[in-house]
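**Student:** Take a look at upload-v1.cif, mmCIF, C-alpha atoms:
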data_protein
loop_
_atom_site.label_atom_id
_atom_site.label_comp_id
_atom_site.auth_asym_id
_atom_site.auth_seq_id
_atom_site.Cartn_x
_atom_site.Cartn_y
_atom_site.Cartn_z
CA MET F 1 -38.39 -3.64 23.33
CA TYR F 2 -35.70 -0.94 23.49
CA VAL F 3 -33.37 -3.20 25.46
CA MET F 4 -33.83 -6.02 22.96
CA TYR F 5 -33.14 -3.67 20.03
CA TYR F 6 -29.96 -2.38 21.71
CA TYR F 7 -28.85 -5.95 22.46
CA CYS F 8 -29.29 -6.93 18.79
CA ILE F 9 -27.32 -3.91 17.57
CA SER F 10 -24.49 -4.52 20.05
CA ARG F 11 -24.32 -8.18 19.15
CA TYR F 12 -24.27 -7.29 15.44
CA THR F 13 -21.45 -4.80 16.08
CA ILE F 14 -19.42 -7.42 17.94
CA ILE F 15 -19.94 -9.93 15.13
CA MET F 16 -18.96 -7.36 12.50
CA LYS F 17 -15.79 -6.40 14.41
CA LYS F 18 -14.88 -10.06 14.78
CA ASN F 19 -15.40 -10.68 11.04
CA ASN F 20 -13.38 -7.59 10.05
CA LEU F 21 -10.33 -8.77 12.00
CA HIS F 22 -8.76 -10.47 8.99
CA GLN F 23 -9.81 -8.15 6.16
CA MET F 24 -6.88 -6.62 4.31
CA LYS F 25 -6.29 -2.90 4.77
CA PRO F 26 -4.28 -0.53 2.56
CA GLN F 27 -1.46 -0.28 5.11
CA ASP F 28 -0.92 -4.04 4.72
CA ILE F 29 0.29 -3.39 1.17
CA VAL F 30 2.68 -0.71 2.46
CA VAL F 31 4.07 -3.05 5.14
CA LEU F 32 4.58 -5.85 2.60
CA ALA F 33 6.30 -3.42 0.22
CA LYS F 34 8.62 -2.35 3.04
CA LEU F 35 9.46 -5.99 3.77
CA ILE F 36 10.36 -6.46 0.10
CA SER F 37 12.53 -3.34 0.09
CA LEU F 38 14.28 -4.48 3.29
CA ASN F 39 14.91 -7.97 1.90
CA ASP F 40 15.84 -9.10 5.42
CA PRO F 41 13.93 -11.94 7.13
CA ALA F 42 15.38 -10.85 10.49
CA TYR F 43 13.36 -7.64 10.60
CA THR F 44 11.77 -6.43 13.83
CA GLN F 45 8.35 -4.89 14.23
CA ILE F 46 9.91 -1.89 15.95
CA ASP F 47 12.15 -1.21 12.94
CA LEU F 48 9.17 -1.47 10.61
CA ALA F 49 7.10 0.83 12.80
CA LEU F 50 9.84 3.47 12.93
CA SER F 51 10.63 3.37 9.22
CA LEU F 52 6.97 3.53 8.17
CA GLU F 53 5.94 5.94 10.94
CA MET F 54 3.20 3.57 12.12
CA SER F 55 2.51 2.28 15.59
CA GLN F 56 3.85 -1.12 16.55
CA SER F 57 0.30 -2.38 17.10
CA GLU F 58 -0.61 -1.41 13.51
CA ILE F 59 2.44 -3.31 12.25
CA SER F 60 1.53 -6.34 14.36
CA SER F 61 -2.08 -6.32 13.14
CA SER F 62 -0.93 -5.89 9.55
CA LEU F 63 1.45 -8.84 9.78
CA SER F 64 -1.33 -10.95 11.31
CA ARG F 65 -3.74 -10.09 8.49
CA SER F 66 -1.08 -10.82 5.87
CA THR F 67 -0.27 -14.17 7.48
CA TYR F 68 -3.97 -15.06 7.67
CA SER F 69 -4.44 -14.22 3.98
CA GLY F 70 -1.41 -16.28 2.95
CA LEU F 71 0.69 -13.33 1.79
CA LEU F 72 3.20 -14.02 4.57
CA ILE F 73 4.45 -17.58 5.01
CA ASN F 74 6.96 -19.40 7.23
CA ASN F 75 5.67 -17.81 10.44
CA GLY F 76 5.56 -14.37 8.88
CA LYS F 77 9.21 -14.32 7.83
CA GLU F 78 8.77 -14.70 4.07
CA ILE F 79 6.47 -13.08 1.53
CA ASN F 80 4.51 -15.30 -0.83
CA ARG F 81 5.71 -13.20 -3.76
CA LYS F 82 3.66 -14.87 -6.49
CA LEU F 83 0.43 -14.48 -4.52
CA PHE F 84 1.34 -10.88 -3.66
CA PHE F 85 1.97 -10.11 -7.34
CA ASP F 86 -1.36 -11.69 -8.29
CA PHE F 87 -3.10 -9.56 -5.66
CA ILE F 88 -1.43 -6.41 -7.04
CA LYS F 89 -2.32 -7.38 -10.61
CA TYR F 90 -5.93 -8.42 -10.11
CA GLY F 91 -7.08 -6.99 -6.79
CA LEU F 92 -5.30 -3.76 -5.88
CA ALA F 93 -7.23 -1.40 -8.16
CA VAL F 94 -10.52 -3.00 -7.15
CA SER F 95 -9.84 -3.26 -3.41
CA PHE F 96 -8.26 0.18 -2.98
CA PRO F 97 -9.39 2.30 -5.95
CA GLN F 98 -8.20 5.85 -6.43
CA HIS F 99 -8.90 8.69 -8.83
CA PRO F 100 -6.75 11.81 -9.29
CA GLY F 101 -7.79 14.79 -7.21
CA PRO F 102 -7.00 18.52 -7.19
CA ILE F 103 -3.58 20.04 -7.89
CA VAL F 104 -1.41 20.02 -4.74
CA ARG F 105 2.23 20.03 -3.67
CA GLY F 106 3.64 16.63 -2.86
CA THR F 107 5.87 13.64 -3.61
CA VAL F 108 5.65 12.17 -7.11
CA THR F 109 4.02 8.78 -7.65
CA ALA F 110 2.66 6.48 -10.37
CA HIS F 111 4.02 7.35 -13.85
CA SER F 112 5.58 10.58 -12.51
CA ALA F 113 8.07 8.73 -10.26
CA PRO F 114 10.94 6.36 -10.98
CA PRO F 115 11.12 3.90 -12.66
CA LEU F 116 8.25 4.94 -14.97
CA ASP F 117 9.09 8.64 -15.23
CA LEU F 118 11.73 8.05 -17.91
CA GLU F 119 9.40 5.92 -20.03
CA PHE F 120 6.25 8.05 -19.88
CA ILE F 121 6.70 11.74 -20.53
CA SER F 122 3.59 13.58 -19.41
CA ASP F 123 2.59 17.12 -18.51
CA GLU F 124 0.27 15.85 -15.80
CA LYS F 125 2.00 14.66 -12.66
CA TYR F 126 0.53 12.56 -9.88
CA VAL F 127 1.65 13.28 -6.33
CA TRP F 128 0.96 12.14 -2.79
CA PRO F 129 -0.05 15.30 -0.90
CA TYR F 130 2.89 16.40 1.26
CA ALA F 131 3.65 19.95 2.38
CA LYS F 132 7.42 19.45 2.02
CA GLY F 133 7.11 17.84 -1.42
CA GLN F 134 9.11 19.11 -4.38
CA SER F 135 6.48 18.72 -7.11
CA ARG F 136 3.00 19.89 -7.98
CA GLY F 137 0.42 17.67 -9.56
CA GLN F 138 -2.90 15.94 -9.20
CA SER F 139 -3.28 14.40 -5.78
CA ILE F 140 -3.39 10.64 -5.31
CA ALA F 141 -4.26 9.46 -1.81
CA PRO F 142 -1.44 7.20 -0.62
CA LEU F 143 -2.22 3.73 0.69
CA TYR F 144 -1.35 5.04 4.16
CA PRO F 145 -1.09 8.68 5.31
CA THR F 146 2.60 8.46 6.35
CA VAL F 147 3.81 7.10 2.98
CA PRO F 148 5.22 10.46 1.74
CA GLN F 149 7.46 10.70 4.83
CA ALA F 150 8.41 7.00 4.78
CA VAL F 151 9.68 7.04 1.18
CA ILE F 152 12.09 9.92 1.72
CA LEU F 153 14.87 7.64 2.96
CA ASP F 154 13.90 4.48 1.08
CA THR F 155 14.01 4.79 -2.71
CA ASP F 156 13.19 1.10 -3.22
CA LEU F 157 9.99 1.51 -1.20
CA HIS F 158 9.17 4.69 -3.16
CA GLU F 159 9.56 2.85 -6.46
CA LEU F 160 7.40 -0.09 -5.36
CA LEU F 161 4.60 2.12 -4.04
CA ALA F 162 4.76 4.31 -7.17
CA LEU F 163 4.41 1.17 -9.31
CA PHE F 164 1.44 0.09 -7.18
CA ASP F 165 -0.15 3.50 -7.77
CA ALA F 166 0.43 3.14 -11.52
CA VAL F 167 -1.60 -0.06 -11.30
CA ARG F 168 -4.29 1.74 -9.26
CA VAL F 169 -4.66 4.89 -11.39
CA GLY F 170 -2.69 4.47 -14.60
CA ARG F 171 -3.92 4.03 -18.13
CA ALA F 172 -3.52 0.66 -19.86
CA ARG F 173 0.07 1.26 -21.09
CA GLU F 174 1.23 2.52 -17.69
CA LYS F 175 -0.47 -0.35 -15.87
CA ASN F 176 1.01 -2.96 -18.20
CA ARG F 177 4.53 -1.54 -17.91
CA ALA F 178 4.22 -1.25 -14.11
CA LEU F 179 3.04 -4.86 -13.91
CA ALA F 180 5.96 -6.03 -16.07
CA ILE F 181 8.45 -4.28 -13.76
CA LEU F 182 6.68 -5.58 -10.66
CA GLU F 183 6.72 -9.13 -12.01
CA GLN F 184 10.50 -8.89 -12.43
CA ARG F 185 10.96 -7.52 -8.92
CA LEU F 186 8.47 -9.67 -7.04
CA CYS F 187 8.50 -13.06 -8.73
#
Would you encode the structure as structure tokens?
**Tutor:**
Amino acid sequence: MYVMYYYCISRYTIIMKKNNLHQMKPQDIVVLAKLISLNDPAYTQIDLALSLEMSQSEISSSLSRSTYSGLLINNGKEINRKLFFDFIKYGLAVSFPQHPGPIVRGTVTAHSAPPLDLEFISDEKYVWPYAKGQSRGQSIAPLYPTVPQAVILDTDLHELLALFDAVRVGRAREKNRALAILEQRLC
């Protein structure tokens, strides 16, 4: 009886792992945003891994999941921008929800970061927790833990991820403005 129970659990675990192979993860959004900011179809996985401070295996898995889902086309060399925009618009806040947390030091995001910071003046700032950050505000968990370090040298990536966070946590006006900017940039 015990052996049979263990066999059923192990088989269930194997099936679950096999089924989870192609499920999107938050880092997939970060990798796709980096590909958009690079705007270079001749990228290498090593360059992506170094710039995002991820392992090469994470990059490879992310690209595989994005290809499987149809977000990457032409053998993973081109982003299906319209589908990606639709995912950001309709699925991001539902798939990877976030609510503001405690006040911490960090890197600004959402309406507190460019390009929305000039349009929405607010006393409350949203930040990705980062010890070397220049601002204090309510914490927003980034889509991947290394995002605050990765955006230091890439302002385009920072803007894209901040717009994604505005869609995830912003109010209606902020979300709508972020989506309008994203539609211009992605489509």
**Student:** Counting only C-alpha atoms, which residues sit no farther than 9 Å from the position (9.0, 7.2, 9.0) in the file's frame? I'd like them as a PyMOL selection string.
**Tutor:** chain F and resi 48-54+146-153
**Student:** Evaluate the PyMOL selection byres ((chain F and resi 23-37) around 7) against this structure - the residues, as JSON, numbers by chain, please.
**Tutor:** {"F": [20, 21, 22, 38, 39, 62, 65, 66, 96, 143, 144, 156, 157, 160]}
**Student:** Can you check which parts of stretch 86-112 of chain F lie within 10 Å of stretch 177-187 of chain F? Per residue, the shortest pair of atoms and distance in Å to one decimal, counting all atoms listed in the file, sorted by chain and number, as CSV.
**Tutor:**
residue,atom,partner,partner_atom,distance
F:Asp86,CA,F:Glu183,CA,9.3
F:Ile88,CA,F:Leu179,CA,8.3
F:Lys89,CA,F:Leu179,CA,6.8
F:Ala110,CA,F:Ala178,CA,8.7
F:His111,CA,F:Ala178,CA,8.6
**Student:** Please enumerate the residues selected by the PyMOL selection byres ((chain F and resi 108) around 10) when evaluated against the supplied file, formatted as a VMD selection string.
**Tutor:** chain F and resid 105 to 107 109 to 114 117 125 to 130 133 to 140 148 158 162
**Student:** Residues as selected, C-alpha atoms, written as an mmCIF file, keeping the file's coordinate frame, can you do that?
**Tutor:**
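Listed below is the output, result_33.cif:
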data_model
loop_
_atom_site.group_PDB
_atom_site.id
_atom_site.type_symbol
_atom_site.label_atom_id
_atom_site.label_comp_id
_atom_site.auth_asym_id
_atom_site.auth_seq_id
_atom_site.Cartn_x
_atom_site.Cartn_y
_atom_site.Cartn_z
ATOM 1 C CA ARG F 105 2.230 20.030 -3.670
ATOM 2 C CA GLY F 106 3.640 16.630 -2.860
ATOM 3 C CA THR F 107 5.870 13.640 -3.610
ATOM 4 C CA THR F 109 4.020 8.780 -7.650
ATOM 5 C CA ALA F 110 2.660 6.480 -10.370
ATOM 6 C CA HIS F 111 4.020 7.350 -13.850
ATOM 7 C CA SER F 112 5.580 10.580 -12.510
ATOM 8 C CA ALA F 113 8.070 8.730 -10.260
ATOM 9 C CA PRO F 114 10.940 6.360 -10.980
ATOM 10 C CA ASP F 117 9.090 8.640 -15.230
ATOM 11 C CA LYS F 125 2.000 14.660 -12.660
ATOM 12 C CA TYR F 126 0.530 12.560 -9.880
ATOM 13 C CA VAL F 127 1.650 13.280 -6.330
ATOM 14 C CA TRP F 128 0.960 12.140 -2.790
ATOM 15 C CA PRO F 129 -0.050 15.300 -0.900
ATOM 16 C CA TYR F 130 2.890 16.400 1.260
ATOM 17 C CA GLY F 133 7.110 17.840 -1.420
ATOM 18 C CA GLN F 134 9.110 19.110 -4.380
ATOM 19 C CA SER F 135 6.480 18.720 -7.110
ATOM 20 C CA ARG F 136 3.000 19.890 -7.980
ATOM 21 C CA GLY F 137 0.420 17.670 -9.560
ATOM 22 C CA GLN F 138 -2.900 15.940 -9.200
ATOM 23 C CA SER F 139 -3.280 14.400 -5.780
ATOM 24 C CA ILE F 140 -3.390 10.640 -5.310
ATOM 25 C CA PRO F 148 5.220 10.460 1.740
ATOM 26 C CA HIS F 158 9.170 4.690 -3.160
ATOM 27 C CA ALA F 162 4.760 4.310 -7.170
#
**Student:** Report, in Å to a single decimal, how far apart atom CA of F:Ala42 and atom CA of F:Leu72 are.
**Tutor:**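 Interatomic distance here is 13.9 Å.
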**Student:** For F:Thr155, which residue among F:Gln45, F:Ile73, F:Gly101, F:Pro115 is the nearest when counting all atoms listed in the file?
**Tutor:**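 Of F:Gln45, F:Ile73, F:Gly101, F:Pro115, the one nearest F:Thr155 is F:Pro115, counting all atoms listed in the file.
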**Student:** Any idea what the distance is between atom CA of F:Leu63 and atom CA of F:Val94?
**Tutor:**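 Distance reported for this atom pair: 21.5 Å.
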**Student:** Tell me which of F:Tyr90, F:Phe120, F:Glu159, F:Asp154 sits closest to F:Arg171, counting only C-alpha atoms.
**Tutor:**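 The answer is F:Phe120, which sits nearest to F:Arg171.
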**Student:** May I ask for the distance between atom CA of F:Ser55 and atom CA of F:Leu71, given in Å to one decimal place?
**Tutor:**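 These atoms are spaced 20.9 Å apart.
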**Student:** Of the candidates F:Val169, F:Gln98, F:Phe164, F:Leu116, which shows the shortest atom-to-atom distance to F:Phe85, using only C-alpha atoms?
**Tutor:** F:Phe164
**Student:** Considering only C-alpha atoms, state which residue in the set F:Pro102, F:Pro145, F:Pro97, F:Gly76 is at the smallest distance from F:Gly170.
**Tutor:**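 Ranking F:Pro102, F:Pro145, F:Pro97, F:Gly76 by distance to F:Gly170, first place goes to F:Pro97.
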**Student:** In terms of the shortest atom-to-atom distance over all atoms listed in the file, which of F:Ala93, F:Asp47, F:Lys132, F:Val167 is closest to F:Ile59?
**Tutor:**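 Using all atoms listed in the file, the shortest distance to F:Ile59 belongs to F:Asp47.
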**Student:** Determine the nearest neighbour of F:Ser122 from the options F:Glu174, F:Ile46, F:Glu58, F:Leu83, counting all atoms listed in the file.
**Tutor:**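 Between F:Glu174, F:Ile46, F:Glu58, F:Leu83, the residue approaching F:Ser122 most closely is F:Glu174.
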